[in-house]
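entry37.txt follows (compact mmCIF, C-alpha atoms):
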# COMPACT_ATOMS: atom_id res chain seq x y z
CA MET M 1 3.82 18.73 57.39
CA SER M 2 4.20 21.25 60.17
CA GLU M 3 6.96 22.52 62.42
CA ARG M 4 6.79 25.10 65.19
CA PRO M 5 9.47 27.39 66.62
CA ALA M 6 11.55 26.25 69.53
CA GLU M 7 15.00 26.73 71.03
CA THR M 8 15.65 23.03 71.65
CA ALA M 9 18.26 20.59 70.43
CA PRO M 10 18.42 20.01 66.67
CA SER M 11 16.95 16.54 66.81
CA ALA M 12 13.83 17.53 68.72
CA PRO M 13 10.65 17.64 66.62
CA SER M 14 9.91 21.21 67.70
CA HIS M 15 12.59 22.87 65.56
CA ALA M 16 11.17 25.43 63.16
CA PRO M 17 12.24 28.27 60.86
CA ALA M 18 14.31 31.11 62.19
CA GLU M 19 12.70 34.52 62.48
CA THR M 20 15.30 36.11 60.27
CA GLY M 21 16.68 35.97 56.75
CA PRO M 22 19.66 37.60 55.10
CA SER M 23 17.67 40.15 53.13
CA ALA M 24 15.16 41.35 55.70
CA PRO M 25 15.89 40.48 59.35
CA SER M 26 12.80 40.73 61.52
CA HIS M 27 14.76 41.14 64.75
CA ALA M 28 18.30 42.08 65.75
CA PRO M 29 20.62 39.11 65.10
CA ALA M 30 22.65 37.59 67.90
CA ALA M 31 26.16 38.88 68.49
CA PRO M 32 28.87 36.92 66.62
CA ASP M 33 30.36 35.37 69.78
CA ALA M 34 26.88 34.30 70.83
CA LEU M 35 26.35 32.57 67.47
CA ALA M 36 29.61 30.66 67.80
CA ARG M 37 28.53 29.52 71.25
CA LYS M 38 25.11 28.59 69.92
CA ALA M 39 26.72 26.46 67.19
CA ALA M 40 28.79 24.61 69.77
CA ALA M 41 25.75 23.98 71.95
CA LEU M 42 23.66 22.72 69.05
CA ASP M 43 26.44 20.39 67.91
CA ALA M 44 26.83 19.04 71.44
CA ALA M 45 23.10 18.21 71.57
CA ASP M 46 22.93 16.73 68.05
CA GLU M 47 22.06 13.02 68.11
CA LEU M 48 23.15 12.68 64.47
CA ALA M 49 26.62 14.14 65.10
CA ARG M 50 28.15 10.68 65.55
CA HIS M 51 27.30 9.84 61.94
CA ARG M 52 29.83 12.36 60.63
CA GLY M 53 32.61 9.89 61.41
CA LEU M 54 31.06 7.42 58.96
CA PHE M 55 32.04 9.63 56.01
CA ALA M 56 35.34 10.47 54.32
CA LEU M 57 35.54 14.22 55.00
CA ASP M 58 38.38 16.70 55.45
CA ASP M 59 38.57 18.45 58.81
CA ASP M 60 39.55 21.74 57.14
CA VAL M 61 36.73 21.74 54.56
CA VAL M 62 33.04 22.55 55.03
CA TYR M 63 31.22 20.41 52.48
CA LEU M 64 27.87 21.97 51.56
CA ASP M 65 27.40 20.36 48.16
CA GLY M 66 25.80 17.08 49.20
CA ASN M 67 22.71 18.19 47.30
CA SER M 68 24.81 17.59 44.16
CA LEU M 69 27.12 14.76 45.25
CA GLY M 70 26.97 13.12 48.65
CA ALA M 71 30.15 12.32 50.56
CA LEU M 72 31.73 8.86 50.46
CA PRO M 73 30.83 6.55 53.37
CA ARG M 74 34.17 5.29 54.69
CA HIS M 75 33.30 1.59 54.57
CA VAL M 76 32.33 1.50 50.88
CA PRO M 77 35.86 1.07 49.42
CA ALA M 78 36.42 -2.12 51.44
CA ARG M 79 33.08 -3.50 50.28
CA MET M 80 33.92 -2.68 46.66
CA GLN M 81 37.32 -4.31 47.00
CA ASP M 82 35.52 -7.52 47.96
CA VAL M 83 33.02 -7.15 45.11
CA ILE M 84 35.82 -6.68 42.58
CA THR M 85 38.36 -9.22 43.82
CA ARG M 86 36.11 -11.99 45.12
CA GLU M 87 32.64 -11.68 43.58
CA TRP M 88 33.83 -10.60 40.15
CA GLY M 89 37.45 -11.79 40.27
CA ARG M 90 36.95 -15.31 41.63
CA LEU M 91 33.27 -16.20 41.43
CA ARG M 92 32.74 -14.39 38.15
CA ILE M 93 29.47 -15.48 36.48
CA ARG M 94 28.47 -17.46 39.56
CA SER M 95 27.93 -14.17 41.42
CA TRP M 96 24.67 -13.52 39.62
CA GLU M 97 23.21 -16.19 41.90
CA GLU M 98 25.73 -16.84 44.67
CA SER M 99 26.37 -13.14 45.43
CA GLY M 100 22.81 -12.01 44.80
CA TRP M 101 23.58 -9.81 41.82
CA TRP M 102 20.39 -10.75 39.97
CA THR M 103 18.07 -9.65 42.78
CA ALA M 104 20.03 -6.49 43.69
CA PRO M 105 17.72 -3.98 41.90
CA GLU M 106 14.72 -5.02 44.02
CA ARG M 107 16.76 -5.65 47.18
CA VAL M 108 18.33 -2.18 47.08
CA GLY M 109 14.92 -0.74 46.21
CA ASP M 110 13.59 -2.20 49.44
CA ARG M 111 16.45 -0.51 51.32
CA ILE M 112 15.46 2.87 49.86
CA ALA M 113 11.70 2.42 50.24
CA PRO M 114 11.49 3.34 53.97
CA LEU M 115 13.22 6.66 53.25
CA LEU M 116 10.44 7.40 50.75
CA GLY M 117 7.57 6.19 52.91
CA ALA M 118 7.01 3.43 50.37
CA ASP M 119 5.94 -0.18 50.84
CA PRO M 120 8.30 -3.09 50.17
CA GLY M 121 8.16 -4.30 46.59
CA THR M 122 7.33 -0.90 45.08
CA VAL M 123 10.82 0.45 44.32
CA VAL M 124 13.35 -0.86 41.83
CA VAL M 125 16.85 0.56 41.33
CA GLY M 126 18.49 0.91 37.93
CA ASP M 127 19.09 3.23 34.98
CA SER M 128 19.34 7.02 35.32
CA THR M 129 16.81 9.47 36.69
CA SER M 130 16.09 10.70 33.16
CA VAL M 131 15.34 7.19 31.91
CA ASN M 132 13.09 6.55 34.90
CA VAL M 133 11.23 9.84 34.36
CA PHE M 134 10.50 8.63 30.84
CA LYS M 135 9.26 5.24 32.05
CA ALA M 136 7.10 6.76 34.78
CA LEU M 137 5.57 9.54 32.71
CA VAL M 138 4.73 7.40 29.69
CA GLY M 139 3.43 4.68 32.01
CA ALA M 140 1.21 7.22 33.77
CA VAL M 141 -0.16 8.60 30.50
CA ARG M 142 -0.98 5.10 29.27
CA LEU M 143 -2.79 4.33 32.51
CA ALA M 144 -4.80 7.55 32.26
CA GLY M 145 -6.46 6.55 29.00
CA ASP M 146 -6.73 7.85 25.44
CA ASP M 147 -9.36 10.52 26.23
CA ARG M 148 -6.85 12.54 28.30
CA ASP M 149 -4.49 14.40 26.02
CA GLU M 150 -2.60 16.80 28.26
CA ILE M 151 0.50 16.52 30.46
CA LEU M 152 1.09 19.23 33.04
CA VAL M 153 4.68 19.95 34.03
CA ASP M 154 6.29 22.00 36.76
CA ALA M 155 7.64 25.04 34.88
CA SER M 156 10.59 25.39 37.27
CA THR M 157 11.57 21.74 36.87
CA PHE M 158 15.09 20.51 36.32
CA PRO M 159 15.49 20.95 32.53
CA THR M 160 15.82 17.26 31.69
CA ASP M 161 12.39 16.53 33.13
CA GLY M 162 10.94 19.07 30.74
CA TYR M 163 12.82 17.62 27.79
CA VAL M 164 11.62 14.12 28.63
CA ALA M 165 8.03 15.34 29.04
CA GLU M 166 8.10 16.92 25.58
CA SER M 167 9.41 13.68 24.07
CA ALA M 168 6.84 11.59 25.96
CA ALA M 169 4.10 13.89 24.70
CA ARG M 170 5.22 13.53 21.09
CA MET M 171 5.38 9.77 21.42
CA THR M 172 1.94 9.42 23.02
CA GLY M 173 0.11 12.11 21.04
CA ARG M 174 -0.33 14.47 23.98
CA ARG M 175 0.59 18.08 24.55
CA VAL M 176 2.57 19.60 27.42
CA ARG M 177 1.62 22.63 29.48
CA ALA M 178 4.19 24.08 31.89
CA LEU M 179 2.96 25.98 34.95
CA ALA M 180 4.28 27.14 38.29
CA PRO M 181 3.78 24.34 40.85
CA ALA M 182 1.31 26.45 42.85
CA ASP M 183 -0.82 26.91 39.71
CA LEU M 184 -1.03 23.22 38.80
CA PRO M 185 -4.13 22.30 40.87
CA ALA M 186 -6.23 25.04 39.26
CA ALA M 187 -5.18 23.91 35.77
CA LEU M 188 -6.29 20.30 36.23
CA GLY M 189 -9.27 19.06 34.28
CA PRO M 190 -10.82 16.15 32.37
CA ARG M 191 -8.10 16.39 29.71
CA THR M 192 -5.23 15.98 32.17
CA ALA M 193 -3.48 12.63 31.92
CA ALA M 194 -0.51 13.11 34.22
CA VAL M 195 1.33 15.77 36.20
CA LEU M 196 5.14 15.82 36.61
CA VAL M 197 6.48 17.86 39.54
CA ASN M 198 9.79 18.25 41.37
CA HIS M 199 9.35 17.77 45.11
CA VAL M 200 12.10 20.31 45.85
CA ASP M 201 13.12 23.00 43.38
CA TYR M 202 16.78 22.41 42.51
CA ARG M 203 17.54 26.12 42.18
CA THR M 204 15.70 27.76 45.10
CA GLY M 205 15.22 24.89 47.53
CA ARG M 206 11.45 25.44 47.62
CA LEU M 207 9.52 22.39 48.86
CA ASN M 208 6.43 21.88 46.74
CA ASP M 209 3.17 20.58 48.20
CA LEU M 210 3.23 16.83 47.48
CA PRO M 211 0.17 15.88 49.56
CA GLY M 212 -2.05 18.72 48.33
CA THR M 213 -1.00 18.52 44.68
CA THR M 214 -1.33 14.73 44.58
CA ALA M 215 -4.83 14.92 46.09
CA ALA M 216 -5.86 17.53 43.50
CA VAL M 217 -4.44 15.42 40.66
CA HIS M 218 -6.40 12.40 41.83
CA ALA M 219 -9.58 14.43 42.23
CA ALA M 220 -9.25 15.35 38.55
CA GLY M 221 -8.84 11.69 37.59
CA ALA M 222 -5.19 12.07 36.59
CA LEU M 223 -1.94 10.53 37.83
CA ALA M 224 0.89 12.16 39.79
CA VAL M 225 4.57 11.66 38.98
CA TRP M 226 7.08 13.15 41.44
CA ASP M 227 10.81 13.77 41.01
CA LEU M 228 12.41 13.26 44.44
CA CYS M 229 16.04 14.00 43.56
CA HIS M 230 16.37 16.88 46.04
CA SER M 231 14.16 15.50 48.82
CA ALA M 232 14.81 11.78 49.30
CA GLY M 233 17.17 11.36 52.23
CA ALA M 234 16.62 14.91 53.46
CA LEU M 235 12.97 14.90 54.54
CA PRO M 236 9.93 12.61 54.84
CA VAL M 237 8.23 12.00 51.49
CA GLY M 238 5.24 9.81 52.32
CA LEU M 239 4.66 8.18 48.94
CA GLY M 240 2.36 5.52 50.37
CA ALA M 241 0.51 7.79 52.79
CA HIS M 242 -0.31 10.28 50.05
CA GLY M 243 -1.12 7.78 47.31
CA VAL M 244 1.53 8.95 44.87
CA ASP M 245 1.27 7.04 41.60
CA PHE M 246 4.84 7.16 40.33
CA ALA M 247 8.08 8.63 41.63
CA VAL M 248 11.70 8.73 40.54
CA GLY M 249 14.92 9.97 42.04
CA CYS M 250 18.68 9.82 41.99
CA THR M 251 20.84 8.22 44.68
CA TYR M 252 24.06 10.25 44.49
CA LYS M 253 22.85 13.27 46.46
CA TYR M 254 21.47 12.81 49.98
CA LEU M 255 21.65 9.00 49.64
CA ASN M 256 25.45 9.14 49.09
CA GLY M 257 25.53 6.40 46.45
CA GLY M 258 28.46 7.82 44.50
CA PRO M 259 28.85 9.67 41.19
CA GLY M 260 26.44 8.35 38.60
CA SER M 261 24.95 5.78 40.99
CA PRO M 262 21.74 4.26 39.62
CA ALA M 263 18.40 5.93 40.11
CA TYR M 264 15.14 4.39 41.34
CA LEU M 265 11.59 4.02 40.08
CA TYR M 266 8.54 3.80 42.36
CA VAL M 267 5.28 2.36 41.01
CA ARG M 268 2.34 2.21 43.41
CA ALA M 269 1.47 -1.41 44.15
CA ASP M 270 -2.03 -1.30 42.66
CA HIS M 271 -0.66 0.12 39.38
CA GLN M 272 2.05 -2.48 38.88
CA ASP M 273 0.02 -5.07 36.99
CA ARG M 274 -1.16 -2.38 34.55
CA PHE M 275 2.14 -0.51 34.24
CA ASP M 276 2.91 -0.55 30.51
CA THR M 277 6.57 0.43 30.41
CA PRO M 278 7.79 2.20 27.26
CA LEU M 279 11.15 0.43 27.66
CA PRO M 280 10.47 -3.30 27.91
CA GLY M 281 13.68 -5.28 28.28
CA TRP M 282 14.78 -8.82 28.90
CA ASN M 283 15.41 -8.04 32.56
CA SER M 284 11.74 -7.22 33.13
CA HIS M 285 10.40 -10.21 31.17
CA GLU M 286 8.43 -12.77 33.15
CA ASP M 287 10.96 -15.37 31.95
CA PRO M 288 14.22 -13.47 31.34
CA PHE M 289 16.25 -16.51 30.32
CA GLY M 290 13.54 -17.95 28.13
CA MET M 291 14.70 -15.55 25.42
CA ARG M 292 11.26 -15.53 23.85
CA ALA M 293 10.56 -13.18 20.94
CA ALA M 294 7.30 -11.93 22.46
CA TYR M 295 7.51 -9.69 25.50
CA ALA M 296 5.55 -10.73 28.60
CA PRO M 297 6.05 -8.39 31.56
CA GLY M 298 7.16 -9.67 34.93
CA LYS M 299 5.44 -9.02 38.23
CA GLY M 300 5.91 -6.30 40.82
CA ALA M 301 8.72 -3.78 40.93
CA ALA M 302 10.81 -5.89 38.53
CA ARG M 303 8.57 -4.66 35.71
CA GLY M 304 10.55 -1.40 35.88
CA ARG M 305 13.83 -3.10 34.94
CA VAL M 306 15.19 -2.91 31.39
CA GLY M 307 18.67 -4.30 30.72
CA THR M 308 21.57 -5.74 32.69
CA PRO M 309 22.04 -3.81 35.96
CA ASP M 310 25.18 -1.74 36.61
CA ILE M 311 26.35 -4.10 39.30
CA LEU M 312 29.43 -2.25 40.55
CA SER M 313 27.54 1.04 41.03
CA LEU M 314 24.51 -0.76 42.38
CA LEU M 315 26.49 -2.62 45.04
CA ALA M 316 28.38 0.54 46.01
CA LEU M 317 25.01 2.17 46.59
CA GLU M 318 23.78 -0.81 48.59
CA SER M 319 26.81 -0.54 50.85
CA ALA M 320 26.46 3.24 51.18
CA LEU M 321 22.91 2.82 52.43
CA ASP M 322 24.28 1.20 55.59
CA VAL M 323 24.76 4.70 57.04
CA TRP M 324 20.96 4.92 57.30
CA ASP M 325 20.65 1.96 59.65
CA GLY M 326 18.80 3.13 62.76
CA VAL M 327 18.31 6.67 61.46
CA SER M 328 14.87 8.28 61.55
CA ILE M 329 14.06 10.45 58.54
CA GLU M 330 12.01 12.66 60.89
CA THR M 331 15.14 13.33 62.94
CA VAL M 332 17.02 14.14 59.74
CA ARG M 333 14.30 16.61 58.76
CA SER M 334 14.36 18.28 62.16
CA LYS M 335 18.12 18.79 62.01
CA SER M 336 17.92 19.95 58.38
CA LEU M 337 15.52 22.74 59.31
CA ALA M 338 17.61 23.68 62.33
CA LEU M 339 20.75 23.86 60.17
CA THR M 340 19.18 26.02 57.48
CA ASP M 341 17.56 28.26 60.12
CA PHE M 342 20.91 28.73 61.82
CA PHE M 343 22.78 29.41 58.58
CA LEU M 344 20.26 32.11 57.62
CA GLU M 345 20.61 33.60 61.10
CA CYS M 346 24.40 33.72 60.73
CA VAL M 347 24.18 35.22 57.24
CA ALA M 348 21.90 37.95 58.59
CA ALA M 349 24.35 38.65 61.40
CA TYR M 350 27.59 38.68 59.42
CA VAL M 351 26.99 39.53 55.75
CA PRO M 352 26.68 43.27 55.00
CA ALA M 353 23.12 44.33 54.25
CA GLY M 354 22.14 44.17 50.60
CA ARG M 355 24.95 41.87 49.45
CA VAL M 356 22.81 38.70 49.35
CA THR M 357 19.12 37.90 49.19
CA SER M 358 17.67 34.52 50.11
CA VAL M 359 15.50 32.94 47.42
CA THR M 360 14.79 29.95 49.65
CA PRO M 361 11.42 30.17 51.41
CA GLU M 362 11.59 31.00 55.09
CA PRO M 363 8.58 28.90 56.25
CA ALA M 364 9.69 25.39 57.19
CA ALA M 365 6.81 23.75 55.31
CA GLU M 366 8.10 25.33 52.08
CA ARG M 367 11.81 24.56 52.40
CA GLY M 368 13.94 21.59 51.43
CA SER M 369 17.47 21.09 52.78
CA GLN M 370 19.36 23.82 50.98
CA VAL M 371 19.73 27.59 51.13
CA SER M 372 20.04 29.54 47.89
CA LEU M 373 21.29 33.11 48.03
CA ARG M 374 21.15 35.56 45.16
CA CYS M 375 24.46 37.37 44.93
CA GLU M 376 26.22 39.65 42.45
CA ASN M 377 29.17 37.90 40.76
CA ALA M 378 27.98 34.62 42.28
CA GLY M 379 30.34 32.50 40.19
CA ASP M 380 33.42 34.37 41.38
CA VAL M 381 32.15 34.36 44.97
CA MET M 382 31.63 30.59 44.97
CA ARG M 383 35.07 29.97 43.50
CA ALA M 384 36.57 32.09 46.28
CA LEU M 385 34.53 30.23 48.90
CA ILE M 386 35.77 26.89 47.62
CA GLU M 387 39.36 28.12 47.71
CA ALA M 388 38.73 29.14 51.33
CA GLY M 389 37.47 25.65 52.20
CA VAL M 390 33.70 26.13 51.97
CA VAL M 391 32.31 24.00 49.15
CA GLY M 392 28.90 24.89 47.75
CA ASP M 393 27.91 25.47 44.15
CA HIS M 394 26.73 28.15 41.74
CA ARG M 395 23.69 28.19 39.50
CA ARG M 396 23.82 30.78 36.74
CA PRO M 397 23.44 33.60 36.65
CA ASP M 398 23.48 34.70 40.28
CA VAL M 399 22.59 31.95 42.77
CA LEU M 400 24.86 30.50 45.46
CA ARG M 401 23.59 27.10 46.64
CA PHE M 402 24.45 25.59 50.01
CA GLY M 403 23.22 22.05 50.64
CA PHE M 404 22.89 20.85 54.24
CA THR M 405 23.22 17.07 54.62
CA PRO M 406 22.24 16.36 58.22
CA LEU M 407 24.16 13.08 58.53
CA TYR M 408 27.51 14.85 58.27
CA VAL M 409 27.05 18.65 58.33
CA GLY M 410 27.12 20.35 61.71
CA PHE M 411 26.22 23.75 63.10
CA ALA M 412 29.87 24.83 63.35
CA ASP M 413 30.05 24.14 59.60
CA ALA M 414 27.09 26.45 58.98
CA HIS M 415 28.68 29.11 61.18
CA ARG M 416 32.05 28.91 59.40
CA ALA M 417 30.38 29.09 55.98
CA ALA M 418 28.52 32.28 56.90
CA VAL M 419 31.65 33.89 58.41
CA CYS M 420 33.64 33.05 55.29
CA LEU M 421 30.94 34.41 52.98
CA ALA M 422 30.80 37.63 54.99
CA ALA M 423 34.56 38.05 54.77
CA LEU M 424 34.42 37.79 50.98
CA LEU M 425 31.54 40.26 50.66
CA SER M 426 32.68 42.87 53.21
Would you give me this structure, written as structure tokens?
Amino acid sequence: MSERPAETAPSAPSHAPAETGPSAPSHAPAAPDALARKAAALDAADELARHRGLFALDDDVVYLDGNSLGALPRHVPARMQDVITREWGRLRIRSWEESGWWTAPERVGDRIAPLLGADPGTVVVGDSTSVNVFKALVGAVRLAGDDRDEILVDASTFPTDGYVAESAARMTGRRVRALAPADLPAALGPRTAAVLVNHVDYRTGRLNDLPGTTAAVHAAGALAVWDLCHSAGALPVGLGAHGVDFAVGCTYKYLNGGPGSPAYLYVRADHQDRFDTPLPGWNSHEDPFGMRAAYAPGKGAARGRVGTPDILSLLALESALDVWDGVSIETVRSKSLALTDFFLECVAAYVPAGRVTSVTPEPAAERGSQVSLRCENAGDVMRALIEAGVVGDHRRPDVLRFGFTPLYVGFADAHRAAVCLAALLS
């Protein structure tokens, strides 16, 4: 992955990181009026700007928390009204076949797959991210073989991933070692069974090296499991191109599936016939309605299913994914970098020196789609920002997080957020 500097429109592939950050500007920032004009020009040239109207957003609020909960696509309520009143209300049990409920987990998985760079038939939707981490990690360890007794885990991972890894290790007789993502390749060896890594660090927004780490894992004879919660829908992932073994992710952040919408599980096609899930259920049986006492796993992505799908949430997600029709994930990535560059430029220009420090990497190849700023009294500052109409979030003890969702966040939003933050810290 590479980007180079340019002063072009946000959708052009030549966008790259700004030359400045809030803690140590490397050149004099543009004058405030110039930044406002720059925001207007960038918004005017933005080919994704028309997508903002697809979402239920308030004109007087800057929503920069899509990295926690994506905004509601406007058409979803009408679709859910039909699901509830017609499919459930009138067709009832017939909807499992007539409305396609039974095949929804694989069908929605195929809608998500292109955003992950995955082949059709490799993604299934259902259960939570935590449950899918458990399936993927135990499945990877079982594939690796009994002579490999170690699981390596990203030490900065979202806490649940670490908890699940410890439980998987106890269940499979392995041990867990937690290391910084950059240190994982050097720690690999003949004892390594699997490696669990977050693609983007939830706290700092750092983008970890999926291609390089996956290649190193494979060279050591182990399997790679990636958590894509903070990357899918914000940047290209390339699961197929990089040979990733397993991946999981949520759908309520950049994919806008709604609160608690079901997660997904990716199993590389050549692993599927040997994927020994730790949670076999009737939904993944080769003959679900045979109700046989002995478990016989089904074929393909369906092997990742467990119990009855959460149909209402699943169909809301399926409808929400319509906003991605005709959208290139490369264009989304280009705008994402341009937005975060511009926000950092505005923070450097407006916020008094020393009041915030960016903990998000400046190089584009190391950055997801959020900016995290270390700030004294961060909790109080974020509450004041939200009251002023700029919605981000706070991670204890001292981090302000601002998520930039390119489908509906614009450059004027980034400008207003920086101006508002400066007013609170001046």
| Gap from atom CA of Val164 of chain M to atom CA of Gly249 of chain M - Å, one decimal | 14.4 Å
| Contacts of segment 255-257 of chain M at 9 Å or less, counting all atoms listed in the file, minus same-chain residues fewer than 5 places along, as a ChimeraX atom specification? | /M:66,69-73,112,232-234,250,262,313-314,316-321,324
| remark: Using all atoms listed in the file, the best pick from M:Pro406, M:Pro288, M:Pro397, M:Pro361 as closest to Arg333 of chain M would be M:Pro406
How big is the axis-aligned box around all listed atoms of segment 276-288 of chain M once 4 Å goes on each side, and where's its centre, in Å to one decimal, as AutoDock Vina command-line options?
--center_x 9.2 --center_y -6.6 --center_z 30.2 --size_x 20.5 --size_y 25.6 --size_z 13.9
| message | Env of Gln370 of chain M: 6 Å cut, atoms = all atoms listed in the file, seq-sep filter 6 positions within chain, self excluded. Answer as a list in words. | response | Gly205, Phe402, Gly403 and Phe404 of chain M
| field | Spatial neighbours of Leu48 of chain M, max dist 10 Å, all atoms listed in the file, sep filter under 5 positions, as an NGL selection string | value | :M and (10-11 or 43 or 327-328 or 331-332 or 335 or 406-410)
| Length of the atom CA of Ala45 of chain M to atom CA of Ala365 of chain M vector [Å] | 23.7 Å
Written-out segment 152-159 of chain M (all heavy atoms) as a short mmCIF file (atom, residue, chain, number, x, y, z; two decimals), in the first residue's frame:
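Once written, result14.cif looks like this:
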data_model
loop_
_atom_site.label_atom_id
_atom_site.label_comp_id
_atom_site.auth_asym_id
_atom_site.auth_seq_id
_atom_site.Cartn_x
_atom_site.Cartn_y
_atom_site.Cartn_z
N LEU M 152 0.27 -16.40 19.17
CA LEU M 152 0.77 -15.04 19.33
C LEU M 152 -0.38 -14.06 19.13
O LEU M 152 -1.20 -14.22 18.22
CB LEU M 152 1.89 -14.74 18.32
CG LEU M 152 3.12 -15.64 18.36
CD1 LEU M 152 4.16 -15.15 17.35
CD2 LEU M 152 3.70 -15.71 19.76
N VAL M 153 -0.42 -13.05 20.00
CA VAL M 153 -1.52 -12.10 19.98
C VAL M 153 -0.97 -10.68 20.00
O VAL M 153 0.02 -10.38 20.69
CB VAL M 153 -2.46 -12.31 21.20
CG1 VAL M 153 -3.57 -11.27 21.23
CG2 VAL M 153 -3.06 -13.70 21.17
N ASP M 154 -1.60 -9.82 19.24
CA ASP M 154 -1.33 -8.39 19.24
C ASP M 154 -1.57 -7.83 20.64
O ASP M 154 -2.69 -7.87 21.15
CB ASP M 154 -2.29 -7.77 18.20
CG ASP M 154 -2.42 -6.28 18.24
OD1 ASP M 154 -1.70 -5.63 19.00
OD2 ASP M 154 -3.26 -5.76 17.47
N ALA M 155 -0.52 -7.32 21.28
CA ALA M 155 -0.63 -6.85 22.66
C ALA M 155 -1.52 -5.63 22.81
O ALA M 155 -2.04 -5.36 23.89
CB ALA M 155 0.76 -6.55 23.22
N SER M 156 -1.71 -4.87 21.74
CA SER M 156 -2.55 -3.68 21.79
C SER M 156 -3.97 -3.95 21.32
O SER M 156 -4.74 -3.03 21.07
CB SER M 156 -1.93 -2.56 20.95
OG SER M 156 -1.75 -2.99 19.60
N THR M 157 -4.32 -5.24 21.21
CA THR M 157 -5.60 -5.64 20.66
C THR M 157 -6.77 -5.12 21.48
O THR M 157 -6.63 -4.79 22.68
CB THR M 157 -5.69 -7.18 20.57
OG1 THR M 157 -6.87 -7.54 19.87
CG2 THR M 157 -5.75 -7.80 21.96
N PHE M 158 -7.94 -5.07 20.86
CA PHE M 158 -9.16 -4.81 21.61
C PHE M 158 -9.26 -5.89 22.69
O PHE M 158 -9.05 -7.07 22.42
CB PHE M 158 -10.37 -4.86 20.68
CG PHE M 158 -11.63 -4.37 21.31
CD1 PHE M 158 -11.86 -3.01 21.46
CD2 PHE M 158 -12.59 -5.26 21.77
CE1 PHE M 158 -13.02 -2.54 22.05
CE2 PHE M 158 -13.76 -4.80 22.37
CZ PHE M 158 -13.97 -3.44 22.51
N PRO M 159 -9.57 -5.52 23.94
CA PRO M 159 -9.46 -6.48 25.05
C PRO M 159 -10.15 -7.81 24.83
O PRO M 159 -9.61 -8.85 25.19
CB PRO M 159 -10.07 -5.71 26.22
CG PRO M 159 -9.80 -4.27 25.92
CD PRO M 159 -9.92 -4.16 24.42
#
